[in-house]
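Structure below is start16.txt: compact mmCIF, C-alpha atoms.
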```txt
# COMPACT_ATOMS: atom_id res chain seq x y z
CA MET A 1 -29.40 -129.01 148.35
CA THR A 2 -32.25 -129.63 145.91
CA ASP A 3 -31.02 -133.17 145.28
CA ILE A 4 -30.83 -133.85 149.02
CA THR A 5 -34.34 -132.50 149.50
CA THR A 6 -35.58 -134.72 146.68
CA ARG A 7 -33.94 -137.77 148.23
CA LEU A 8 -35.51 -137.01 151.60
CA ALA A 9 -38.91 -136.50 149.96
CA ARG A 10 -38.91 -140.09 148.72
CA TYR A 11 -39.48 -141.23 152.31
CA GLN A 12 -42.67 -139.17 152.67
CA ARG A 13 -45.09 -141.27 150.64
CA PRO A 14 -44.14 -144.63 152.28
CA LEU A 15 -44.37 -142.98 155.70
CA LEU A 16 -47.82 -141.58 154.91
CA ILE A 17 -49.05 -144.98 153.73
CA VAL A 18 -47.67 -146.73 156.81
CA GLY A 19 -49.10 -144.01 159.06
CA ALA A 20 -52.56 -144.38 157.50
CA ILE A 21 -52.50 -148.15 157.97
CA VAL A 22 -51.39 -147.80 161.59
CA LEU A 23 -54.10 -145.25 162.39
CA LEU A 24 -56.83 -147.36 160.83
CA ALA A 25 -55.72 -150.60 162.49
CA ALA A 26 -54.64 -149.17 165.87
CA PRO A 27 -57.99 -149.48 167.75
CA PHE A 28 -58.01 -153.22 167.03
CA MET A 29 -54.57 -153.63 168.61
CA ALA A 30 -54.69 -151.16 171.52
CA TYR A 31 -57.27 -149.66 173.87
CA PRO A 32 -59.14 -146.92 171.95
CA ILE A 33 -59.35 -144.60 174.99
CA PHE A 34 -55.55 -144.65 175.33
CA LEU A 35 -55.16 -143.95 171.61
CA MET A 36 -57.59 -141.02 171.77
CA LYS A 37 -55.74 -139.58 174.75
CA LEU A 38 -52.52 -139.92 172.79
CA MET A 39 -53.96 -138.07 169.80
CA CYS A 40 -55.38 -135.25 171.92
CA PHE A 41 -52.06 -134.66 173.66
CA ALA A 42 -50.17 -134.97 170.39
CA LEU A 43 -52.30 -132.13 169.02
CA LEU A 44 -51.68 -130.09 172.18
CA ALA A 45 -47.92 -130.62 171.81
CA ALA A 46 -48.13 -129.77 168.10
CA SER A 47 -49.92 -126.49 168.87
CA LEU A 48 -47.16 -125.58 171.32
CA ASN A 49 -44.53 -126.64 168.79
CA LEU A 50 -46.07 -124.18 166.33
CA MET A 51 -45.22 -121.38 168.77
CA ILE A 52 -41.80 -122.56 169.91
CA GLY A 53 -40.45 -124.28 166.83
CA TYR A 54 -41.70 -121.96 164.12
CA VAL A 55 -42.22 -118.59 165.86
CA GLY A 56 -39.58 -118.83 168.57
CA LEU A 57 -41.96 -117.98 171.44
CA LEU A 58 -41.80 -120.21 174.52
CA SER A 59 -45.20 -120.43 176.19
CA PHE A 60 -45.51 -121.81 179.72
CA GLY A 61 -49.29 -121.50 179.76
CA HIS A 62 -50.73 -123.57 176.94
CA ALA A 63 -52.78 -125.56 179.45
CA MET A 64 -55.07 -122.54 179.85
CA PHE A 65 -56.25 -123.00 176.25
CA PHE A 66 -56.47 -126.78 176.55
CA GLY A 67 -58.32 -126.62 179.87
CA SER A 68 -60.58 -123.67 179.16
CA ALA A 69 -61.79 -125.40 175.99
CA ALA A 70 -62.35 -128.61 177.94
CA TYR A 71 -64.52 -126.74 180.47
CA ALA A 72 -66.36 -124.76 177.77
CA THR A 73 -67.08 -127.88 175.73
CA ALA A 74 -68.18 -129.90 178.75
CA HIS A 75 -70.50 -127.13 179.96
CA ALA A 76 -71.96 -126.48 176.50
CA VAL A 77 -72.66 -130.17 175.85
CA LYS A 78 -73.93 -131.10 179.31
CA VAL A 79 -75.82 -127.96 180.37
CA TRP A 80 -76.79 -126.28 177.11
CA GLY A 81 -77.35 -129.49 175.17
CA PHE A 82 -74.96 -128.66 172.32
CA ASP A 83 -74.13 -131.22 169.67
CA PRO A 84 -70.65 -132.66 170.43
CA ALA A 85 -69.20 -131.14 167.26
CA LEU A 86 -70.64 -127.72 168.08
CA GLY A 87 -69.46 -128.06 171.67
CA VAL A 88 -65.88 -128.79 170.59
CA LEU A 89 -65.94 -125.87 168.15
CA PHE A 90 -67.30 -123.65 170.91
CA GLY A 91 -64.45 -124.73 173.18
CA ALA A 92 -61.88 -124.01 170.47
CA ALA A 93 -63.45 -120.56 169.94
CA VAL A 94 -63.25 -119.81 173.67
CA ALA A 95 -59.58 -120.86 173.65
CA ALA A 96 -58.94 -118.65 170.60
CA VAL A 97 -60.48 -115.62 172.36
CA ILE A 98 -58.38 -116.24 175.47
CA GLY A 99 -55.36 -116.68 173.22
CA ALA A 100 -56.02 -113.37 171.47
CA VAL A 101 -56.36 -111.52 174.78
CA THR A 102 -53.28 -113.19 176.26
CA GLY A 103 -51.35 -112.59 173.06
CA LEU A 104 -52.11 -108.87 173.13
CA LEU A 105 -50.42 -108.74 176.53
CA ALA A 106 -47.56 -111.17 175.88
CA ILE A 107 -46.25 -110.50 172.37
CA ARG A 108 -45.00 -107.06 173.35
CA ARG A 109 -42.29 -108.84 175.29
CA ALA A 110 -39.76 -111.49 174.29
CA GLY A 111 -37.77 -114.24 175.92
CA ILE A 112 -38.42 -115.08 179.55
CA ALA A 113 -40.73 -112.09 179.99
CA PHE A 114 -43.09 -113.51 177.35
CA SER A 115 -42.99 -116.93 179.02
CA MET A 116 -43.74 -115.48 182.47
CA ILE A 117 -46.73 -113.51 181.16
CA THR A 118 -48.22 -116.67 179.65
CA LEU A 119 -47.63 -118.51 182.92
CA ALA A 120 -49.27 -115.72 184.93
CA CYS A 121 -52.32 -115.72 182.63
CA ALA A 122 -52.53 -119.50 182.92
CA GLN A 123 -52.55 -119.29 186.71
CA LEU A 124 -55.33 -116.71 186.51
CA VAL A 125 -57.40 -119.08 184.37
CA TYR A 126 -56.66 -121.88 186.84
CA PHE A 127 -57.96 -119.71 189.72
CA ILE A 128 -61.12 -118.89 187.75
CA ALA A 129 -61.68 -122.59 187.07
CA LEU A 130 -61.20 -123.35 190.77
CA ARG A 131 -63.59 -120.69 192.05
CA SER A 132 -66.28 -120.38 189.39
CA PRO A 133 -69.54 -122.18 190.22
CA PHE A 134 -70.15 -123.46 186.67
CA THR A 135 -66.81 -125.34 186.58
CA GLY A 136 -67.60 -127.55 189.55
CA GLY A 137 -64.55 -126.45 191.53
CA GLU A 138 -62.27 -129.30 192.53
CA ASP A 139 -64.79 -131.86 191.26
CA GLY A 140 -64.81 -130.45 187.74
CA ILE A 141 -67.60 -131.11 185.24
CA GLN A 142 -68.38 -134.80 185.28
CA ASP A 143 -70.62 -137.15 183.29
CA VAL A 144 -70.35 -135.16 180.08
CA PRO A 145 -72.63 -136.89 177.53
CA ARG A 146 -70.99 -137.96 174.29
CA GLY A 147 -74.27 -137.87 172.42
CA HIS A 148 -74.61 -138.29 168.67
CA LEU A 149 -72.39 -136.44 166.23
CA LEU A 150 -74.65 -134.33 163.99
CA GLY A 151 -77.46 -136.61 165.10
CA LEU A 152 -76.00 -139.51 163.12
CA LEU A 153 -72.97 -141.16 164.76
CA ASP A 154 -73.32 -142.60 168.25
CA LEU A 155 -70.19 -141.46 170.08
CA LYS A 156 -70.87 -143.75 173.02
CA ASP A 157 -69.16 -146.42 170.96
CA ASN A 158 -65.41 -146.07 171.54
CA LEU A 159 -64.54 -147.33 168.06
CA THR A 160 -66.78 -144.75 166.37
CA LEU A 161 -65.44 -141.97 168.57
CA TYR A 162 -61.87 -143.05 167.82
CA TYR A 163 -62.30 -142.63 164.07
CA VAL A 164 -63.99 -139.25 164.56
CA ILE A 165 -61.10 -138.04 166.74
CA MET A 166 -58.62 -139.49 164.27
CA VAL A 167 -60.11 -137.56 161.34
CA VAL A 168 -60.16 -134.30 163.31
CA VAL A 169 -56.56 -134.70 164.49
CA VAL A 170 -55.31 -135.61 161.00
CA VAL A 171 -57.03 -132.52 159.57
CA ALA A 172 -55.57 -130.37 162.37
CA PHE A 173 -52.05 -131.65 161.64
CA TRP A 174 -52.59 -131.00 157.93
CA LEU A 175 -53.63 -127.44 158.83
CA ILE A 176 -50.45 -126.98 160.87
CA TRP A 177 -48.41 -128.31 157.95
CA ARG A 178 -50.13 -125.87 155.60
CA ILE A 179 -49.47 -122.98 157.99
CA VAL A 180 -45.80 -123.84 158.33
CA ASN A 181 -45.28 -124.27 154.57
CA SER A 182 -47.29 -121.21 153.52
CA PRO A 183 -45.92 -117.68 152.91
CA PHE A 184 -47.35 -116.83 156.33
CA GLY A 185 -45.29 -119.64 157.83
CA GLN A 186 -42.16 -118.42 156.06
CA VAL A 187 -42.64 -115.00 157.63
CA LEU A 188 -43.01 -116.63 161.05
CA THR A 189 -39.74 -118.49 160.49
CA ALA A 190 -38.06 -115.25 159.45
CA ILE A 191 -39.29 -113.61 162.66
CA ARG A 192 -37.92 -116.52 164.67
CA ASP A 193 -34.51 -116.39 162.99
CA ASN A 194 -34.03 -112.61 162.81
CA GLU A 195 -36.84 -110.41 164.07
CA PRO A 196 -35.07 -107.05 163.49
CA ARG A 197 -34.48 -107.99 159.86
CA ALA A 198 -38.14 -108.96 159.44
CA ILE A 199 -39.13 -105.57 160.82
CA SER A 200 -36.72 -103.82 158.46
CA LEU A 201 -38.38 -105.62 155.53
CA GLY A 202 -41.69 -104.01 156.45
CA TYR A 203 -43.47 -106.88 158.17
CA ARG A 204 -45.74 -106.00 161.08
CA VAL A 205 -44.16 -108.54 163.37
CA ASN A 206 -46.57 -108.20 166.28
CA ARG A 207 -49.56 -108.91 164.03
CA TYR A 208 -47.97 -112.10 162.77
CA LYS A 209 -47.10 -113.16 166.31
CA LEU A 210 -50.63 -112.45 167.55
CA LEU A 211 -52.24 -114.40 164.72
CA ALA A 212 -49.88 -117.35 165.25
CA PHE A 213 -50.53 -117.25 169.00
CA THR A 214 -54.30 -117.23 168.44
CA LEU A 215 -54.12 -120.12 165.95
CA SER A 216 -51.98 -122.09 168.38
CA ALA A 217 -54.48 -121.43 171.18
CA ALA A 218 -57.39 -122.55 168.98
CA LEU A 219 -55.61 -125.82 168.10
CA ALA A 220 -54.83 -126.45 171.77
CA GLY A 221 -58.48 -125.73 172.54
CA LEU A 222 -59.56 -128.20 169.87
CA ALA A 223 -57.48 -130.85 171.65
CA GLY A 224 -58.95 -129.92 175.03
CA GLY A 225 -62.53 -129.99 173.78
CA MET A 226 -62.09 -133.45 172.28
CA LYS A 227 -60.44 -134.66 175.47
CA SER A 228 -63.48 -133.65 177.53
CA ILE A 229 -65.74 -135.63 175.17
CA VAL A 230 -63.47 -138.70 175.23
CA PHE A 231 -63.15 -138.87 179.03
CA GLN A 232 -66.52 -137.20 179.71
CA ILE A 233 -64.95 -134.89 182.27
CA ALA A 234 -63.15 -131.57 182.59
CA THR A 235 -60.96 -131.08 185.67
CA LEU A 236 -58.44 -128.69 187.18
CA THR A 237 -55.66 -130.90 185.84
CA ASP A 238 -56.55 -129.71 182.36
CA VAL A 239 -55.67 -126.11 183.26
CA SER A 240 -52.76 -126.94 185.57
CA TRP A 241 -49.21 -125.77 184.85
CA THR A 242 -48.16 -129.43 184.91
CA THR A 243 -50.15 -130.01 181.72
CA SER A 244 -48.25 -127.15 180.07
CA GLY A 245 -45.02 -128.76 181.25
CA GLU A 246 -45.99 -132.13 179.83
CA ALA A 247 -46.82 -130.57 176.46
CA LEU A 248 -43.42 -128.87 176.43
CA LEU A 249 -41.73 -132.13 177.40
CA MET A 250 -43.48 -133.93 174.53
CA GLY A 251 -42.19 -131.39 172.06
CA ILE A 252 -38.62 -131.53 173.33
CA VAL A 253 -38.51 -135.33 173.50
CA GLY A 254 -40.04 -135.79 170.05
CA GLY A 255 -38.26 -132.89 168.41
CA LEU A 256 -39.19 -129.24 167.91
CA GLN A 257 -39.49 -127.82 164.38
CA THR A 258 -40.75 -131.19 163.13
CA MET A 259 -44.25 -132.37 162.29
CA LEU A 260 -43.91 -135.87 163.77
CA GLY A 261 -41.96 -134.79 166.84
CA PRO A 262 -45.04 -133.97 168.97
CA VAL A 263 -46.59 -137.32 168.02
CA VAL A 264 -43.52 -139.29 169.08
CA GLY A 265 -43.11 -137.19 172.21
CA ALA A 266 -46.75 -137.66 173.14
CA PHE A 267 -46.44 -141.41 172.64
CA VAL A 268 -43.43 -141.57 174.96
CA VAL A 269 -44.89 -139.36 177.70
CA VAL A 270 -48.46 -140.73 177.62
CA THR A 271 -47.21 -144.33 177.57
CA MET A 272 -44.99 -143.63 180.58
CA ALA A 273 -47.90 -142.00 182.42
CA ASN A 274 -50.19 -144.98 181.74
CA SER A 275 -47.56 -147.58 182.60
CA LEU A 276 -46.57 -145.90 185.87
CA SER A 277 -49.99 -144.56 186.85
CA SER A 278 -49.91 -146.47 190.15
CA PHE A 279 -46.47 -145.06 191.01
CA ALA A 280 -46.92 -141.29 191.01
CA GLU A 281 -43.48 -140.49 192.44
CA ALA A 282 -41.74 -142.94 190.11
CA LEU A 283 -43.45 -141.30 187.14
CA MET A 284 -41.87 -137.92 187.87
CA ILE A 285 -38.46 -139.54 188.33
CA VAL A 286 -38.70 -141.49 185.06
CA GLN A 287 -39.90 -138.41 183.16
CA GLY A 288 -36.95 -136.47 184.56
CA VAL A 289 -34.49 -139.17 183.51
CA VAL A 290 -35.99 -139.36 180.01
CA PHE A 291 -35.80 -135.59 179.66
CA VAL A 292 -32.14 -135.51 180.72
CA VAL A 293 -31.22 -138.38 178.38
CA VAL A 294 -32.94 -136.74 175.42
CA VAL A 295 -31.34 -133.35 176.11
CA MET A 296 -27.89 -134.92 176.47
CA LEU A 297 -27.98 -137.45 173.63
CA PHE A 298 -30.70 -136.21 171.25
CA ARG A 299 -30.28 -132.45 171.09
CA ARG A 300 -32.83 -132.16 168.27
CA GLY A 301 -35.25 -134.65 169.81
CA ILE A 302 -35.91 -138.17 168.56
CA VAL A 303 -37.46 -137.20 165.21
CA GLY A 304 -35.02 -134.32 164.79
CA GLU A 305 -32.05 -136.64 165.12
CA ILE A 306 -33.58 -139.10 162.64
CA ASN A 307 -34.10 -136.27 160.15
CA ALA A 308 -30.51 -135.11 160.65
CA TYR A 309 -29.22 -138.67 160.09
CA LEU A 310 -31.22 -139.02 156.87
CA ALA A 311 -29.92 -135.65 155.68
CA ARG A 312 -26.29 -136.68 156.39
CA ARG A 313 -26.86 -140.01 154.61
CA ALA A 314 -28.36 -138.29 151.56
CA SER A 315 -25.48 -135.82 151.54
CA ARG A 316 -22.91 -138.63 151.55
CA GLU A 317 -24.72 -140.37 148.67
CA THR A 318 -24.62 -137.24 146.54
CA SER A 319 -20.96 -136.47 147.24
```
Let me see the structure of the file written as structure tokens.
Amino acid sequence: MTDITTRLARYQRPLLIVGAIVLLAAPFMAYPIFLMKLMCFALLAASLNLMIGYVGLLSFGHAMFFGSAAYATAHAVKVWGFDPALGVLFGAAVAAVIGAVTGLLAIRRAGIAFSMITLACAQLVYFIALRSPFTGGEDGIQDVPRGHLLGLLDLKDNLTLYYVIMVVVVVAFWLIWRIVNSPFGQVLTAIRDNEPRAISLGYRVNRYKLLAFTLSAALAGLAGGMKSIVFQIATLTDVSWTTSGEALLMGIVGGLQTMLGPVVGAFVVVTMANSLSSFAEALMIVQGVVFVVVVMLFRRGIVGEINAYLARRASRETS
């Protein structure tokens, strides 16, 4: 097993180098706004993957964290005059608080009951966003100023904003990787695999679940706050259950329990949405077909199947 792991590890450095080159060169080959949307949704999918893939908790309401942070950031930057960085951090903090409150209610249940509680809380947040005067109702919060980051970088320039978003997303993914590969992450995996055994070993399972849920909410909020700066708007779509569904679809298509799965899934889903934006009904049909194909042919998702193939290949080479 150690030899197989070592053989698989040899692919990591080339992939990191290629990934860095692609990220740095991407805005010169594709529209920066599209790339920033892709990164924001990849982070949203990764935050959901942290809950499903590594804790075993299926949330149907992650859009409430994404959307509430988008509204909080947009309001703080436009009305209160916050610096964009402070506004995004404020949005992530709001999402974390909502996540902690929701988690206190949801983690006491498991399975479909947990999922339904998260969905119910998400619908409550959606209703608040629809009716509250400071959210702009159906119009949302528009014309959010990008401003200057820390008074230095002009975020009105798409290229500058792209590299800022890129750095934040890379750091966020590194944080997720550190969480997953830390002792805390190992406990989360143990809870996912056998919760009664984790309890018998003396772990306070609900505390670990609540902390993981809050971290996941904060990361989703970070994605939502950046999205509101990129598009200069926060709308009801950000807190809609369809956004939660898209994030879940990204994780499944790309591959749960993998770091690159949410990125690949986000690329597939966001590219489809952009390509078929003028055919709303066709988009839903194509997404459904893609989901069925992935579930039938790629049980582990695209990245998951690639990882499994590499593992089988390394196993054959060592035998």
Surrounding residues of stretch 207-213 of chain A excluding itself and chain neighbours under 5 positions, 7 Å, all atoms listed in the file, as a PyMOL selection string: chain A and resi 51+99-100+103-104+107+188
May I have the residues from that selection written out with C-alpha atoms, as an mmCIF file, in the frame of the given file?
```cif
data_model
loop_
_atom_site.group_PDB
_atom_site.id
_atom_site.type_symbol
_atom_site.label_atom_id
_atom_site.label_comp_id
_atom_site.auth_asym_id
_atom_site.auth_seq_id
_atom_site.Cartn_x
_atom_site.Cartn_y
_atom_site.Cartn_z
ATOM 1 C CA MET A 51 -45.220 -121.380 168.770
ATOM 2 C CA GLY A 99 -55.360 -116.680 173.220
ATOM 3 C CA ALA A 100 -56.020 -113.370 171.470
ATOM 4 C CA GLY A 103 -51.350 -112.590 173.060
ATOM 5 C CA LEU A 104 -52.110 -108.870 173.130
ATOM 6 C CA ILE A 107 -46.250 -110.500 172.370
ATOM 7 C CA LEU A 188 -43.010 -116.630 161.050
#
```
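Pairwise distance (atom CA of A:Ser277, atom CA of A:Asp238) equals 16.8 Å.
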Selection as a list in words: residues within 8 Å of (-59.2, -128.6, 171.2), counting only C-alpha atoms: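 Residues with an atom close enough to that point: Cys40, Leu44, Phe66, Ala69, Ala70, Val88, Leu89, Gly91, Ala92, Ala218, Leu219, Ala220, Gly221, Leu222, Ala223, Gly224, Gly225, Met226 and Lys227 of chain A.
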Please produce a file of the residues just selected, as a PDB file, in the coordinates of the input, where the atoms kept are C-alpha atoms.
```pdb
ATOM      1  CA  CYS A  40     -55.380-135.250 171.920  1.00  0.00           C
ATOM      2  CA  LEU A  44     -51.680-130.090 172.180  1.00  0.00           C
ATOM      3  CA  PHE A  66     -56.470-126.780 176.550  1.00  0.00           C
ATOM      4  CA  ALA A  69     -61.790-125.400 175.990  1.00  0.00           C
ATOM      5  CA  ALA A  70     -62.350-128.610 177.940  1.00  0.00           C
ATOM      6  CA  VAL A  88     -65.880-128.790 170.590  1.00  0.00           C
ATOM      7  CA  LEU A  89     -65.940-125.870 168.150  1.00  0.00           C
ATOM      8  CA  GLY A  91     -64.450-124.730 173.180  1.00  0.00           C
ATOM      9  CA  ALA A  92     -61.880-124.010 170.470  1.00  0.00           C
ATOM     10  CA  ALA A 218     -57.390-122.550 168.980  1.00  0.00           C
ATOM     11  CA  LEU A 219     -55.610-125.820 168.100  1.00  0.00           C
ATOM     12  CA  ALA A 220     -54.830-126.450 171.770  1.00  0.00           C
ATOM     13  CA  GLY A 221     -58.480-125.730 172.540  1.00  0.00           C
ATOM     14  CA  LEU A 222     -59.560-128.200 169.870  1.00  0.00           C
ATOM     15  CA  ALA A 223     -57.480-130.850 171.650  1.00  0.00           C
ATOM     16  CA  GLY A 224     -58.950-129.920 175.030  1.00  0.00           C
ATOM     17  CA  GLY A 225     -62.530-129.990 173.780  1.00  0.00           C
ATOM     18  CA  MET A 226     -62.090-133.450 172.280  1.00  0.00           C
ATOM     19  CA  LYS A 227     -60.440-134.660 175.470  1.00  0.00           C
TER      20      LYS A 227
END
```
Separation of atom CA of A:Val264 from atom CA of A:Leu35 in Å: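 Taking atom CA of A:Leu35 and atom CA of A:Val264, their separation equals 12.8 Å.
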Neighbour residues at most 12 Å from (-64.1, -122.9, 188.1) (all atoms listed in the file) as a PyMOL selection string: chain A and resi 67-68+70-72+75+124-141+234-239
Interatomic distance, atom CA of A:Leu175 to atom CA of A:Leu58 (Å, one decimal): 20.9 Å
Residues within 12 Å of A:Arg108, please, as a compact mmCIF listing (two decimals) with C-alpha atoms, in the frame of the given file. Count all atoms listed in the file; anything in the same chain fewer than 6 positions from it doesn't count.
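Now in around.txt:
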```txt
# COMPACT_ATOMS: atom_id res chain seq x y z
CA LEU A 57 -41.96 -117.98 171.44
CA THR A 102 -53.28 -113.19 176.26
CA PHE A 114 -43.09 -113.51 177.35
CA SER A 115 -42.99 -116.93 179.02
CA ILE A 117 -46.73 -113.51 181.16
CA THR A 118 -48.22 -116.67 179.65
CA VAL A 205 -44.16 -108.54 163.37
CA ASN A 206 -46.57 -108.20 166.28
CA ARG A 207 -49.56 -108.91 164.03
CA LYS A 209 -47.10 -113.16 166.31
CA LEU A 210 -50.63 -112.45 167.55
```
Spatial neighbours of stretch 155-160 of chain A, 9 Å, only C-alpha atoms, chain gap at least 2 places, as an MDAnalysis selection string: chainID A and resid 27:28 32:33 84 145:149 153 162:165 229:230
Residues near stretch 196-203 of chain A, cut-off 12 Å, all atoms listed in the file, skip fewer than 6 positions along chain, as a ChimeraX atom specification: /A:184,186-190,209
Among listed residues A:Leu48, A:Ile17, A:Ala96, A:Ala266, nearest A:Met36 (using all atoms listed in the file):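 Closest to A:Met36 of all the choices is A:Ala266.
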Closest of A:Gly288, A:Gly111, A:Gly301, A:Gly254 to A:Arg192 - atom-to-atom distances counting all atoms listed in the file: A:Gly111
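Restricting the calculation to all atoms listed in the file, the smallest distance between A:Gly304 and any of A:Cys121, A:Val270, A:Val253, A:Val55 is found for A:Val253.
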Minimum-distance residue to A:Ala46, chosen among A:Ala63, A:Ala120, A:Ala247, A:Leu105 (using all atoms listed in the file):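 Among the listed residues, the smallest separation from A:Ala46 belongs to A:Ala247.
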Which residue of A:Met39, A:Val167, A:Val292, A:Ala26 approaches A:Val263 most closely, using all atoms listed in the file: A:Met39
Nearest-residue call for A:Gly81, choices A:Ile98, A:Leu152, A:Val144, A:Ala308, using all atoms listed in the file: A:Val144
Put the listed atoms of stretch 41-48 of chain A in a box along x, y and z with 6 Å added on every side and give me the centre and edge lengths in Å to one decimal, as AutoDock Vina command-line options.
```
--center_x -49.7 --center_y -130.3 --center_z 170.9 --size_x 17.1 --size_y 21.4 --size_z 17.6
```
